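Source file final15.cif; content: mmCIF, C-alpha atoms and all ligand atoms.
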```cif
data_target
#
loop_
_atom_site.label_atom_id
_atom_site.label_comp_id
_atom_site.auth_asym_id
_atom_site.auth_seq_id
_atom_site.Cartn_x
_atom_site.Cartn_y
_atom_site.Cartn_z
CA MET I 1 64.91 88.60 141.15
CA THR I 2 61.36 88.63 142.50
CA GLU I 3 58.62 88.99 139.96
CA ILE I 4 56.77 92.29 140.23
CA PHE I 5 53.94 91.74 137.77
CA LYS I 6 52.86 88.41 139.19
CA GLY I 7 50.34 86.52 137.13
CA ILE I 8 51.17 88.42 133.94
CA PRO I 9 52.73 86.06 131.41
CA GLU I 10 54.92 86.98 128.46
CA ILE I 11 52.55 88.57 126.00
CA ARG I 12 52.38 86.51 122.82
CA TYR I 13 50.79 86.92 119.44
CA GLU I 14 47.60 84.90 119.16
CA GLY I 15 45.96 86.45 116.13
CA LYS I 16 42.87 88.51 115.53
CA ASP I 17 40.37 85.88 116.57
CA SER I 18 41.84 85.46 120.03
CA LYS I 19 39.75 86.65 122.96
CA GLU I 20 42.69 86.46 125.36
CA ALA I 21 43.09 89.93 126.86
CA LEU I 22 46.79 89.39 127.60
CA ALA I 23 47.78 88.55 124.02
CA PHE I 24 48.52 90.47 120.83
CA LYS I 25 45.90 90.27 118.12
CA TYR I 26 47.94 92.04 115.40
CA TYR I 27 51.48 92.65 116.65
CA ASP I 28 53.42 89.65 115.42
CA ALA I 29 57.07 90.72 115.86
CA ASP I 30 58.52 88.41 113.19
CA ARG I 31 55.84 88.84 110.54
CA VAL I 32 57.33 90.40 107.43
CA ILE I 33 55.54 93.38 105.91
CA LEU I 34 56.94 94.98 102.75
CA GLY I 35 60.23 93.18 103.23
CA LYS I 36 60.83 94.06 106.89
CA LYS I 37 59.87 92.48 110.19
CA MET I 38 57.12 94.17 112.16
CA SER I 39 59.52 94.62 115.05
CA GLU I 40 61.87 96.57 112.75
CA HIS I 41 59.07 98.71 111.36
CA LEU I 42 57.86 99.40 114.89
CA PRO I 43 60.65 100.08 117.39
CA PHE I 44 58.32 100.57 120.35
CA ALA I 45 59.46 102.36 123.47
CA MET I 46 58.19 102.56 127.03
CA ALA I 47 57.91 106.07 128.48
CA TRP I 48 59.49 105.91 131.93
CA TRP I 49 57.45 108.81 133.26
CA HIS I 50 53.94 107.62 132.53
CA ASN I 51 54.46 103.94 132.98
CA LEU I 52 56.71 103.81 136.03
CA CYS I 53 56.13 107.17 137.73
CA ALA I 54 52.65 108.54 137.12
CA GLY I 55 49.91 107.28 139.40
CA GLY I 56 46.98 109.25 138.06
CA THR I 57 47.27 112.43 140.11
CA ASP I 58 45.35 115.25 138.48
CA MET I 59 44.30 118.75 139.46
CA PHE I 60 41.43 117.37 141.50
CA GLY I 61 42.81 114.28 143.19
CA ARG I 62 45.76 112.17 144.19
CA ASP I 63 47.14 108.93 142.78
CA THR I 64 44.81 106.04 142.11
CA ALA I 65 47.54 103.66 140.91
CA ASP I 66 50.21 102.32 143.24
CA LYS I 67 53.55 102.65 141.45
CA SER I 68 55.72 101.84 144.46
CA PHE I 69 56.55 98.41 142.99
CA GLY I 70 57.03 96.99 146.45
CA ALA I 71 59.63 99.56 147.50
CA GLY I 72 57.46 101.22 150.09
CA GLU I 73 57.97 104.94 150.16
CA LYS I 74 58.31 106.77 146.84
CA GLY I 75 61.14 109.22 146.23
CA THR I 76 63.97 107.01 147.53
CA MET I 77 66.79 105.33 145.65
CA GLU I 78 65.28 102.01 146.65
CA HIS I 79 62.12 103.04 144.84
CA ALA I 80 64.16 104.28 141.86
CA LYS I 81 65.71 100.82 141.58
CA ALA I 82 62.34 99.13 141.96
CA LYS I 83 61.17 101.18 138.99
CA VAL I 84 64.10 99.88 136.96
CA ASP I 85 63.23 96.30 137.97
CA ALA I 86 59.58 96.88 137.11
CA GLY I 87 60.42 98.60 133.83
CA PHE I 88 62.67 95.82 132.60
CA GLU I 89 60.23 93.09 133.59
CA PHE I 90 57.48 95.06 131.85
CA MET I 91 59.46 95.57 128.64
CA LYS I 92 60.57 91.94 128.55
CA LYS I 93 57.04 90.65 129.02
CA LEU I 94 55.81 92.79 126.13
CA GLY I 95 58.83 92.36 123.86
CA ILE I 96 59.58 96.11 123.94
CA LYS I 97 63.18 96.97 123.06
CA TYR I 98 63.42 100.65 123.97
CA PHE I 99 62.67 103.11 126.73
CA CYS I 100 62.61 106.91 126.95
CA PHE I 101 63.34 108.93 130.05
CA HIS I 102 63.69 112.36 131.62
CA ASP I 103 66.51 112.72 134.14
CA VAL I 104 64.08 113.20 137.02
CA ASP I 105 62.04 110.12 136.05
CA LEU I 106 65.03 108.00 137.00
CA VAL I 107 65.88 109.37 140.44
CA PRO I 108 64.41 111.81 142.93
CA GLU I 109 65.96 115.23 142.43
CA ALA I 110 68.11 116.40 145.37
CA ASP I 111 68.53 120.00 146.50
CA ASP I 112 72.13 119.90 145.32
CA ILE I 113 72.79 119.13 141.64
CA LYS I 114 75.97 117.23 142.57
CA GLU I 115 73.90 114.82 144.64
CA THR I 116 71.27 114.47 141.90
CA ASN I 117 74.04 113.64 139.43
CA ARG I 118 75.55 111.09 141.81
CA ARG I 119 72.16 109.41 142.01
CA LEU I 120 71.90 109.47 138.22
CA ASP I 121 75.30 107.77 137.97
CA GLU I 122 74.20 105.10 140.41
CA ILE I 123 70.88 104.41 138.69
CA SER I 124 72.38 104.38 135.19
CA ASP I 125 74.95 101.82 136.35
CA TYR I 126 72.05 99.78 137.65
CA ILE I 127 70.19 100.13 134.34
CA LEU I 128 73.32 99.11 132.41
CA GLU I 129 73.53 95.98 134.53
CA LYS I 130 69.90 95.22 133.71
CA MET I 131 70.50 95.77 130.00
CA LYS I 132 73.15 93.06 129.92
CA GLY I 133 71.95 89.95 128.14
CA THR I 134 68.91 91.76 126.75
CA ASP I 135 68.55 93.78 123.57
CA ILE I 136 66.79 96.59 125.42
CA LYS I 137 68.23 100.08 124.92
CA CYS I 138 67.38 103.70 125.30
CA LEU I 139 65.43 105.27 122.43
CA TRP I 140 65.92 108.81 123.66
CA GLY I 141 66.69 110.76 126.76
CA THR I 142 65.79 114.25 127.80
CA ALA I 143 66.08 116.68 130.69
CA ASN I 144 62.98 117.74 132.54
CA MET I 145 63.27 121.52 132.44
CA PHE I 146 59.66 122.33 133.19
CA SER I 147 58.55 120.77 136.51
CA ASN I 148 60.84 122.43 139.02
CA PRO I 149 59.61 125.93 140.02
CA ARG I 150 62.93 127.40 138.84
CA PHE I 151 61.75 126.76 135.28
CA MET I 152 58.52 128.74 135.66
CA ASN I 153 59.69 131.09 132.90
CA GLY I 154 61.27 128.43 130.75
CA ALA I 155 64.79 127.00 130.51
CA GLY I 156 66.45 128.24 127.32
CA SER I 157 63.94 131.10 127.27
CA THR I 158 64.21 132.06 130.93
CA ASN I 159 64.79 135.62 132.08
CA SER I 160 67.34 134.33 134.63
CA VAL I 161 70.86 133.67 133.40
CA ASP I 162 71.47 131.38 136.41
CA VAL I 163 68.46 129.24 135.60
CA TYR I 164 69.76 129.06 132.02
CA ALA I 165 73.10 127.76 133.27
CA PHE I 166 71.31 125.23 135.46
CA ALA I 167 69.34 124.02 132.44
CA ALA I 168 72.61 123.68 130.50
CA ALA I 169 74.02 121.55 133.31
CA GLN I 170 70.97 119.29 133.24
CA ILE I 171 71.23 118.88 129.47
CA LYS I 172 74.90 117.99 129.74
CA LYS I 173 74.15 115.28 132.27
CA ALA I 174 71.12 113.99 130.36
CA LEU I 175 73.28 113.72 127.23
CA ASP I 176 75.92 111.81 129.19
CA LEU I 177 73.23 109.40 130.35
CA THR I 178 71.70 109.04 126.91
CA VAL I 179 75.06 108.09 125.44
CA LYS I 180 75.82 105.77 128.35
CA LEU I 181 72.52 103.93 127.80
CA GLY I 182 72.95 103.63 124.03
CA GLY I 183 70.30 106.21 123.14
CA ARG I 184 69.33 106.74 119.51
CA GLY I 185 68.18 110.30 120.10
CA TYR I 186 67.96 113.25 122.43
CA VAL I 187 64.74 115.25 122.76
CA PHE I 188 63.98 118.87 123.44
CA TRP I 189 60.38 119.31 124.36
CA GLY I 190 60.05 123.01 125.07
CA GLY I 191 57.69 122.56 127.99
CA ARG I 192 57.79 126.12 129.24
CA GLU I 193 59.65 127.69 126.32
CA GLY I 194 57.00 130.22 125.44
CA TYR I 195 55.07 132.97 127.11
CA GLU I 196 51.95 133.91 129.00
CA THR I 197 51.93 137.57 127.94
CA LEU I 198 53.95 139.69 125.55
CA LEU I 199 53.72 142.52 128.07
CA ASN I 200 56.69 140.98 129.89
CA THR I 201 58.43 139.04 127.12
CA ASP I 202 61.28 139.65 124.67
CA VAL I 203 60.50 136.94 122.13
CA LYS I 204 63.55 137.53 119.92
CA PHE I 205 65.95 137.42 122.86
CA GLU I 206 64.35 134.24 124.20
CA GLN I 207 64.37 132.42 120.88
CA GLU I 208 68.01 133.31 120.26
CA ASN I 209 68.92 131.97 123.68
CA ILE I 210 67.10 128.69 123.05
CA ALA I 211 69.06 128.31 119.80
CA LYS I 212 72.34 128.99 121.61
CA LEU I 213 71.51 126.33 124.18
CA MET I 214 70.73 123.84 121.42
CA HIS I 215 74.00 124.65 119.64
CA MET I 216 75.93 124.04 122.85
CA ALA I 217 74.07 120.75 123.30
CA VAL I 218 74.98 119.65 119.77
CA ASP I 219 78.63 120.61 120.22
CA TYR I 220 78.85 118.79 123.53
CA GLY I 221 76.90 115.75 122.31
CA ARG I 222 79.12 115.32 119.26
CA SER I 223 82.24 115.78 121.43
CA ILE I 224 81.27 112.78 123.58
CA GLY I 225 80.48 110.60 120.58
CA PHE I 226 76.72 111.00 120.34
CA LYS I 227 75.90 110.09 116.75
CA GLY I 228 72.13 110.08 117.01
CA ASP I 229 69.60 112.75 116.17
CA PHE I 230 68.52 115.65 118.31
CA TYR I 231 64.79 116.18 118.20
CA ILE I 232 62.40 119.00 118.77
CA GLU I 233 59.00 117.79 119.93
CA PRO I 234 56.58 120.51 118.83
CA LYS I 235 53.59 121.45 120.97
CA PRO I 236 51.52 124.62 120.60
CA LYS I 237 50.48 125.21 124.21
CA GLU I 238 50.19 123.63 127.65
CA PRO I 239 51.67 124.38 130.04
CA MET I 240 52.31 127.82 128.49
CA LYS I 241 49.63 129.75 126.70
CA HIS I 242 51.91 130.05 123.70
CA GLN I 243 54.88 127.77 123.05
CA TYR I 244 57.60 128.56 120.54
CA ASP I 245 57.70 125.05 119.03
CA PHE I 246 54.10 125.44 117.94
CA ASP I 247 54.07 122.74 115.28
CA ALA I 248 56.43 120.99 112.86
CA ALA I 249 56.47 123.84 110.35
CA THR I 250 57.33 126.39 113.03
CA ALA I 251 60.03 124.22 114.60
CA ILE I 252 61.60 123.44 111.23
CA GLY I 253 61.70 127.15 110.37
CA PHE I 254 63.38 127.84 113.71
CA LEU I 255 66.00 125.13 113.15
CA ARG I 256 66.80 126.47 109.69
CA GLN I 257 66.97 130.06 110.90
CA TYR I 258 69.54 129.18 113.52
CA GLY I 259 71.56 126.64 111.53
CA LEU I 260 70.46 123.64 113.57
CA ASP I 261 68.73 121.71 110.81
CA LYS I 262 71.57 119.28 110.12
CA ASP I 263 71.57 117.88 113.64
CA PHE I 264 67.87 118.04 114.48
CA LYS I 265 64.75 116.22 113.36
CA MET I 266 61.18 116.19 114.64
CA ASN I 267 59.70 113.98 117.32
CA ILE I 268 56.02 114.23 116.42
CA GLU I 269 53.44 113.55 119.10
CA ALA I 270 49.94 112.81 117.83
CA ASN I 271 48.15 114.71 120.57
CA HIS I 272 50.37 117.77 120.11
CA ALA I 273 49.62 117.92 116.40
CA THR I 274 45.90 117.90 117.09
CA LEU I 275 46.31 120.56 119.78
CA ALA I 276 47.93 122.72 117.09
CA GLY I 277 44.79 122.34 115.00
CA HIS I 278 46.36 119.84 112.61
CA THR I 279 45.93 116.15 112.06
CA PHE I 280 48.68 113.82 113.26
CA GLN I 281 49.28 112.95 109.61
CA HIS I 282 49.77 116.62 108.71
CA ASP I 283 52.68 117.12 111.08
CA LEU I 284 54.22 113.82 110.00
CA ARG I 285 54.00 114.87 106.35
CA ILE I 286 55.43 118.33 106.96
CA SER I 287 58.35 116.75 108.82
CA ALA I 288 58.86 114.08 106.17
CA ILE I 289 58.95 116.40 103.17
CA ASN I 290 61.61 118.43 104.96
CA GLY I 291 63.70 115.33 105.65
CA MET I 292 63.05 115.71 109.35
CA LEU I 293 60.67 112.94 110.35
CA GLY I 294 62.74 111.34 113.10
CA SER I 295 60.62 109.83 115.83
CA ILE I 296 57.07 109.59 117.11
CA ASP I 297 55.36 109.98 120.46
CA ALA I 298 52.55 107.52 119.98
CA ASN I 299 49.36 108.57 121.69
CA GLN I 300 46.09 110.25 120.84
CA GLY I 301 43.99 113.10 122.13
CA ASP I 302 40.28 113.37 122.74
CA MET I 303 38.61 115.77 120.34
CA LEU I 304 36.04 116.65 123.00
CA LEU I 305 38.75 117.80 125.40
CA GLY I 306 41.11 120.64 124.56
CA TRP I 307 44.24 119.39 126.26
CA ASP I 308 47.04 116.83 126.04
CA THR I 309 45.12 113.80 127.30
CA ASP I 310 47.93 111.42 126.22
CA GLU I 311 45.61 108.48 125.64
CA PHE I 312 46.85 105.14 124.46
CA PRO I 313 46.17 105.07 120.74
CA PHE I 314 43.21 103.00 119.65
CA ASN I 315 42.25 104.91 116.54
CA VAL I 316 43.21 102.58 113.70
CA TYR I 317 42.30 105.11 111.05
CA ASP I 318 44.86 107.62 112.36
CA ALA I 319 47.43 104.90 113.02
CA THR I 320 47.05 103.73 109.42
CA LEU I 321 47.62 107.23 108.08
CA CYS I 322 50.61 107.57 110.41
CA MET I 323 52.13 104.32 109.20
CA TYR I 324 51.42 105.35 105.62
CA GLU I 325 53.59 108.43 106.20
CA VAL I 326 56.26 106.38 107.97
CA LEU I 327 56.41 103.79 105.17
CA LYS I 328 56.63 106.52 102.54
CA ASN I 329 59.42 108.05 104.62
CA GLY I 330 61.35 104.78 104.46
CA GLY I 331 60.90 104.26 108.22
CA LEU I 332 62.18 106.23 111.17
CA THR I 333 65.64 106.68 112.62
CA GLY I 334 63.87 106.93 115.99
CA GLY I 335 60.90 104.89 117.11
CA PHE I 336 57.42 104.86 118.61
CA ASN I 337 57.44 106.05 122.18
CA PHE I 338 54.19 105.51 124.06
CA ASP I 339 53.95 108.94 125.59
CA SER I 340 50.58 107.74 126.80
CA LYS I 341 48.98 107.14 130.13
CA ASN I 342 46.23 104.98 131.50
CA ARG I 343 42.97 106.73 132.28
CA ARG I 344 42.84 107.50 136.00
CA PRO I 345 40.25 104.83 136.83
CA SER I 346 42.37 102.16 135.05
CA TYR I 347 44.71 101.85 137.98
CA THR I 348 45.68 98.16 138.21
CA THR I 349 48.83 96.49 136.94
CA GLU I 350 46.78 94.55 134.39
CA ASP I 351 45.67 97.91 133.00
CA MET I 352 49.31 98.85 132.35
CA PHE I 353 49.61 95.77 130.14
CA TYR I 354 46.23 96.18 128.47
CA ALA I 355 47.25 99.73 127.56
CA TYR I 356 50.48 98.71 125.86
CA ILE I 357 48.81 95.77 124.13
CA LEU I 358 46.21 98.19 122.81
CA GLY I 359 48.83 100.68 121.61
CA MET I 360 51.11 98.10 120.03
CA ASP I 361 48.22 96.32 118.32
CA THR I 362 46.83 99.61 117.03
CA PHE I 363 50.12 100.50 115.36
CA ALA I 364 50.63 96.95 114.11
CA LEU I 365 47.20 97.03 112.51
CA GLY I 366 47.96 100.50 111.19
CA LEU I 367 51.13 99.12 109.61
CA ILE I 368 49.28 96.19 108.03
CA LYS I 369 46.61 98.49 106.64
CA ALA I 370 49.07 101.14 105.44
CA ALA I 371 50.98 98.47 103.52
CA GLU I 372 47.70 97.26 102.01
CA LEU I 373 46.82 100.82 101.06
CA ILE I 374 50.14 101.19 99.26
CA GLU I 375 49.84 97.79 97.58
CA ASP I 376 46.26 98.56 96.58
CA GLY I 377 47.67 101.53 94.69
CA ARG I 378 44.42 103.41 94.09
CA ILE I 379 45.38 106.37 96.25
CA ASP I 380 48.88 106.72 94.80
CA ASP I 381 47.50 106.32 91.29
CA PHE I 382 44.90 108.96 91.91
CA ILE I 383 47.43 111.46 93.20
CA LYS I 384 49.66 110.84 90.20
CA GLU I 385 46.76 111.33 87.83
CA ARG I 386 45.61 114.43 89.68
CA TYR I 387 48.79 116.29 88.78
CA SER I 388 49.09 114.88 85.27
CA SER I 389 48.52 118.26 83.61
CA TRP I 390 52.03 119.08 84.79
CA ASN I 391 53.54 116.35 82.65
CA GLY I 392 53.38 118.42 79.46
CA GLU I 393 55.78 120.98 78.07
CA LEU I 394 54.49 123.89 80.17
CA GLY I 395 54.62 121.98 83.43
CA ARG I 396 58.16 120.85 82.73
CA LYS I 397 59.26 124.40 82.00
CA ILE I 398 57.81 125.72 85.25
CA ARG I 399 59.29 122.87 87.28
CA ASN I 400 62.70 123.43 85.70
CA ASP I 401 62.62 127.17 86.34
CA ALA I 402 62.75 127.66 82.60
CA THR I 403 59.93 130.14 82.16
CA THR I 404 58.94 133.62 83.26
CA LEU I 405 55.87 135.40 84.46
CA GLU I 406 55.64 137.15 81.06
CA GLU I 407 55.74 133.88 79.18
CA LEU I 408 52.93 132.49 81.35
CA PHE I 409 51.03 135.73 80.75
CA HIS I 410 51.20 135.21 76.98
CA TYR I 411 50.29 131.55 77.33
CA ALA I 412 47.23 132.48 79.39
CA GLU I 413 46.18 135.15 76.93
CA LYS I 414 46.31 132.68 74.09
CA MET I 415 44.51 130.00 76.06
CA GLY I 416 41.60 132.09 77.34
CA ALA I 417 39.89 130.65 80.45
CA PRO I 418 41.33 127.31 81.63
CA GLU I 419 39.05 124.34 82.11
CA LEU I 420 38.09 123.49 85.69
CA PRO I 421 40.78 121.39 87.33
CA GLY I 422 40.01 117.69 87.78
CA SER I 423 37.77 116.64 90.66
CA GLY I 424 39.43 116.11 94.05
CA ARG I 425 37.36 112.89 94.48
CA GLN I 426 37.60 113.06 98.24
CA GLU I 427 34.54 110.91 98.88
CA TYR I 428 35.74 108.26 96.45
CA LEU I 429 39.14 108.17 98.19
CA GLU I 430 37.57 107.97 101.64
CA ALA I 431 35.58 104.99 100.41
CA VAL I 432 38.82 103.41 99.16
CA MET I 433 40.27 103.91 102.63
CA ASN I 434 37.29 102.19 104.21
CA SER I 435 37.36 99.33 101.74
CA VAL I 436 40.98 98.64 102.66
CA LEU I 437 40.49 99.17 106.39
CA PHE I 438 37.47 96.94 106.75
CA LYS I 439 38.06 94.21 104.22
C1 LIG I 501 54.48 116.70 127.09
C2 LIG I 501 55.47 116.03 126.28
C3 LIG I 501 56.58 115.33 127.06
C4 LIG I 501 57.74 115.04 126.17
C5 LIG I 501 59.02 114.77 126.89
O1 LIG I 501 53.43 117.09 126.61
O2 LIG I 501 54.83 115.12 125.44
O3 LIG I 501 56.09 114.19 127.67
O4 LIG I 501 57.48 113.98 125.33
O5 LIG I 501 59.41 115.80 127.69
NI NI I 502 52.57 115.47 125.24
NI NI I 503 55.75 113.68 124.24
#
```

Structure rendered as structure tokens:
Amino acid sequence: MTEIFKGIPEIRYEGKDSKEALAFKYYDADRVILGKKMSEHLPFAMAWWHNLCAGGTDMFGRDTADKSFGAGEKGTMEHAKAKVDAGFEFMKKLGIKYFCFHDVDLVPEADDIKETNRRLDEISDYILEKMKGTDIKCLWGTANMFSNPRFMNGAGSTNSVDVYAFAAAQIKKALDLTVKLGGRGYVFWGGREGYETLLNTDVKFEQENIAKLMHMAVDYGRSIGFKGDFYIEPKPKEPMKHQYDFDAATAIGFLRQYGLDKDFKMNIEANHATLAGHTFQHDLRISAINGMLGSIDANQGDMLLGWDTDEFPFNVYDATLCMYEVLKNGGLTGGFNFDSKNRRPSYTTEDMFYAYILGMDTFALGLIKAAELIEDGRIDDFIKERYSSWNGELGRKIRNDATTLEELFHYAEKMGAPELPGSGRQEYLEAVMNSVLFK
């Protein structure tokens, strides 16, 4: 097998004082943190689409990066196989054990679905071959039901029953592939499941149809032995003005309403949470307290830009708060998929590696710092203390549903005005955060 990323060695851990660009400063796969290896805390995944397909095309210009991987023309099966070769070499060099894919990331879509599916069979056989002798597997698969013009009005939410059936066929095949490649999960990102204007949209009808499609996916997935989680990946907008899976709270409500909550969890993407006007940590927490924190799309947005910039995460503060949520959640059943792309001017192959080193080191450092934050204990202690007024008789009664509004009325009358609640101490806690982050 010819080497594609010539001159790039296996990326090793050298420690924080290293100035070697092609080395990890914090990600030390075997280092044990809170009783578990870093590699187990952080099941990293490569996103097929950004890393192997996207060349930097934007609304104003064409590709800057050459992702042909020596196969000449793009859009051929030869190129599809070159991407597999490149992807496996890339993952091996970085010590990444998982990948995520959309159906159309793997092969060029043909006009006839039968031909597309034949290509998918061929490429997945090729991937299986590549997987042999490695411990690389699929983290999750998905069907791209937003790029092709037929999905202009959505897939599950489309006004066309034929487009709906086509989407169902793509999901079936993508589930087959996910199972074939040992996938831990299957994602629904509702790319165009939403609307541009209510003047032409029956929201109730569309949401019910999405739920029906998801139910059929669950039934089929379970029937072929898929034991993993289905995920919704919430996003408030882009490409649609309004998307139904606005944020974690909305998606969880939807799943409960339609009886899908036993089979689904959340795949939380940092940049989507911030687009929804939340912090990344907020959507992680909302998912976690509902028992639905499944997987993470690891990236970050740019607060000065109002769209999904999908940057490689470098913000250690946010990564620490993310890992704090993940540790409190007892880990993830999914993993950390770098749904991130190089900036357009970072177009060389070295940049692909620098980007993943940055992302992996950021989350490794976030993990180290989150563990320190928990071991430090000041934040947990403060929260406990903050609610301590609930530890008395009255608090217990309320928590145990053993009181009434009238009883609380009489209590309040007897008490008169309550004292001010204890200080929130935000500035103190932010200083604690800094003292742990920068010690
Ligand atoms: C787009 C989404 C997409 C999903 C997979 O914003 O993040 O990449 O992760 O379809
Ligand atoms: Ni995104
Ligand atoms: Ni994503």

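Using only C-alpha atoms and all ligand atoms, residues with at least one atom at most 8 Å away from any atom of ligand LIG 501 (chain I) are I:Trp49, I:Phe101, I:His102, I:Thr142, I:Ala143, I:Asn144, I:Val187, I:Phe188, I:Trp189, I:Gly190, I:Gly191, I:Glu233, I:Lys235, I:Glu238, I:Glu269, I:His272, I:Asp297, I:Asp308, I:Asp310, I:Asp339.
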
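The residue that comes closest to Arg184 (chain I), out of I:Lys137, I:Arg12, I:Lys241, I:Lys25 and on the basis of only C-alpha atoms, is I:Lys137.
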
Neighbour list for Gly331 (chain I) as a compact mmCIF listing (two decimals) with C-alpha atoms, keeping the file's coordinate frame, cut-off 10 Å, all atoms listed in the file, skip fewer than 5 positions in-chain:
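Below is the file around_34.txt, written as the result:
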```
# COMPACT_ATOMS: atom_id res chain seq x y z
CA GLU I 40 61.87 96.57 112.75
CA HIS I 41 59.07 98.71 111.36
CA LEU I 42 57.86 99.40 114.89
CA LEU I 293 60.67 112.94 110.35
CA GLY I 294 62.74 111.34 113.10
CA SER I 295 60.62 109.83 115.83
CA MET I 323 52.13 104.32 109.20
CA TYR I 324 51.42 105.35 105.62
CA GLU I 325 53.59 108.43 106.20
CA VAL I 326 56.26 106.38 107.97
```

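With distances restricted to only C-alpha atoms, I:Leu437 is the closest residue to Ala371 (chain I) from I:Ile383, I:Thr274, I:Asn337, I:Leu437.
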
- Within 12 Å of file point (36.1, 104.6, 138.3), counting only C-alpha atoms, expressed as a PyMOL selection string: chain I and resi 56+64-65+343-348

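Using only C-alpha atoms, the nearest neighbour of His50 (chain I) within the list I:Lys341, I:Lys6, I:His278, I:Lys67 is I:Lys341.
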
- Query: Suppose you want the space between CA of Tyr126 (chain I) and CA of Asn51 (chain I); what is it in Å?
  - Reply: 18.7 Å

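Among I:Ile11, I:Ala273, I:Leu304, I:Leu394, the residue with the shortest atom-to-atom distance to ligand NI 502 (chain I), counting all atoms listed in the file, is I:Ala273.
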
- Task: Can you work out the spacing between CA of Glu430 (chain I) and CA of Ile296 (chain I) in Å, to one decimal?
- Result: 24.9 Å

Sorted by chain and rising residue number, which residues of region 181-278 of chain I lie within 8 Å of region 284-289 of chain I, and what are their closest atom pairs and distances in Å to one decimal, counting all atoms listed in the file, as a Markdown table?
```
| residue | atom | partner | partner_atom | distance |
| --- | --- | --- | --- | --- |
| I:Ala248 | CA | I:Ser287 | CA | 6.2 |
| I:Ala249 | CA | I:Ile286 | CA | 6.6 |
| I:Ile252 | CA | I:Ser287 | CA | 7.8 |
| I:Lys265 | CA | I:Ser287 | CA | 7.9 |
| I:Met266 | CA | I:Ser287 | CA | 6.5 |
| I:Ile268 | CA | I:Leu284 | CA | 6.7 |
```

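Pairwise distance (CA of Met303 (chain I), CA of Leu358 (chain I)) equals 19.3 Å.
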
- Message: Can you tell me which residues surround Gly182 (chain I) at a distance of at most 9 Å, considering only C-alpha atoms, apart from same-chain residues fewer than 3 positions away, and format the answer as a PyMOL selection string?
- Response: chain I and resi 137-140+177-179

Residues near Lys93 (chain I), cut-off 12 Å, only C-alpha atoms, skip fewer than 5 positions along chain, as a PDB file with C-alpha atoms, in the coordinates of the input:
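So the final result, stored in selection_16.pdb, reads:
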```pdb
ATOM      1  CA  GLU I   3      58.620  88.990 139.960  1.00  0.00           C
ATOM      2  CA  ILE I   4      56.770  92.290 140.230  1.00  0.00           C
ATOM      3  CA  PHE I   5      53.940  91.740 137.770  1.00  0.00           C
ATOM      4  CA  LYS I   6      52.860  88.410 139.190  1.00  0.00           C
ATOM      5  CA  GLY I   7      50.340  86.520 137.130  1.00  0.00           C
ATOM      6  CA  ILE I   8      51.170  88.420 133.940  1.00  0.00           C
ATOM      7  CA  PRO I   9      52.730  86.060 131.410  1.00  0.00           C
ATOM      8  CA  GLU I  10      54.920  86.980 128.460  1.00  0.00           C
ATOM      9  CA  ILE I  11      52.550  88.570 126.000  1.00  0.00           C
ATOM     10  CA  ARG I  12      52.380  86.510 122.820  1.00  0.00           C
ATOM     11  CA  LEU I  22      46.790  89.390 127.600  1.00  0.00           C
ATOM     12  CA  ALA I  23      47.780  88.550 124.020  1.00  0.00           C
ATOM     13  CA  PHE I  24      48.520  90.470 120.830  1.00  0.00           C
ATOM     14  CA  ALA I  86      59.580  96.880 137.110  1.00  0.00           C
ATOM     15  CA  GLY I  87      60.420  98.600 133.830  1.00  0.00           C
ATOM     16  CA  PHE I  88      62.670  95.820 132.600  1.00  0.00           C
ATOM     17  CA  ILE I 136      66.790  96.590 125.420  1.00  0.00           C
ATOM     18  CA  MET I 352      49.310  98.850 132.350  1.00  0.00           C
ATOM     19  CA  PHE I 353      49.610  95.770 130.140  1.00  0.00           C
ATOM     20  CA  TYR I 356      50.480  98.710 125.860  1.00  0.00           C
ATOM     21  CA  ILE I 357      48.810  95.770 124.130  1.00  0.00           C
TER      22      ILE I 357
END
```

- Query: Using all atoms listed in the file, can you list as a ChimeraX atom specification the residues within 9 Å of (44.7, 107.7, 108.4)?
  - Reply: /I:280-281,315-324,366,370,433

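The neighbours of Lys74 (chain I) here are the residues that come within 12 Å of it, using only C-alpha atoms and leaving out any residue fewer than 6 positions away in the same chain; they are I:Leu52, I:Cys53, I:Ala54, I:Gly55, I:Asp66, I:Lys67, I:Ser68, I:Ala80, I:Lys81, I:Ala82, I:Lys83, I:Asp105, I:Leu106, I:Val107, I:Pro108.
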
- Item | Residue nearest ligand NI 503 (chain I) among I:Ala417, I:Asp58, I:Ala167, I:Tyr231 (counting all atoms listed in the file) | I:Tyr231

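Using all atoms listed in the file, the smallest distance between any of I:Gly424, I:Gln300, I:Pro149, I:Ala217 and ligand NI 503 (chain I) comes from I:Gln300.
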
- Message: Which residues are close to Lys97 (chain I), i.e. within 8 Å by only C-alpha atoms, leaving aside same-chain residues fewer than 6 positions away? Reply as a ChimeraX atom specification.
- Response: /I:43-45,91,135-137
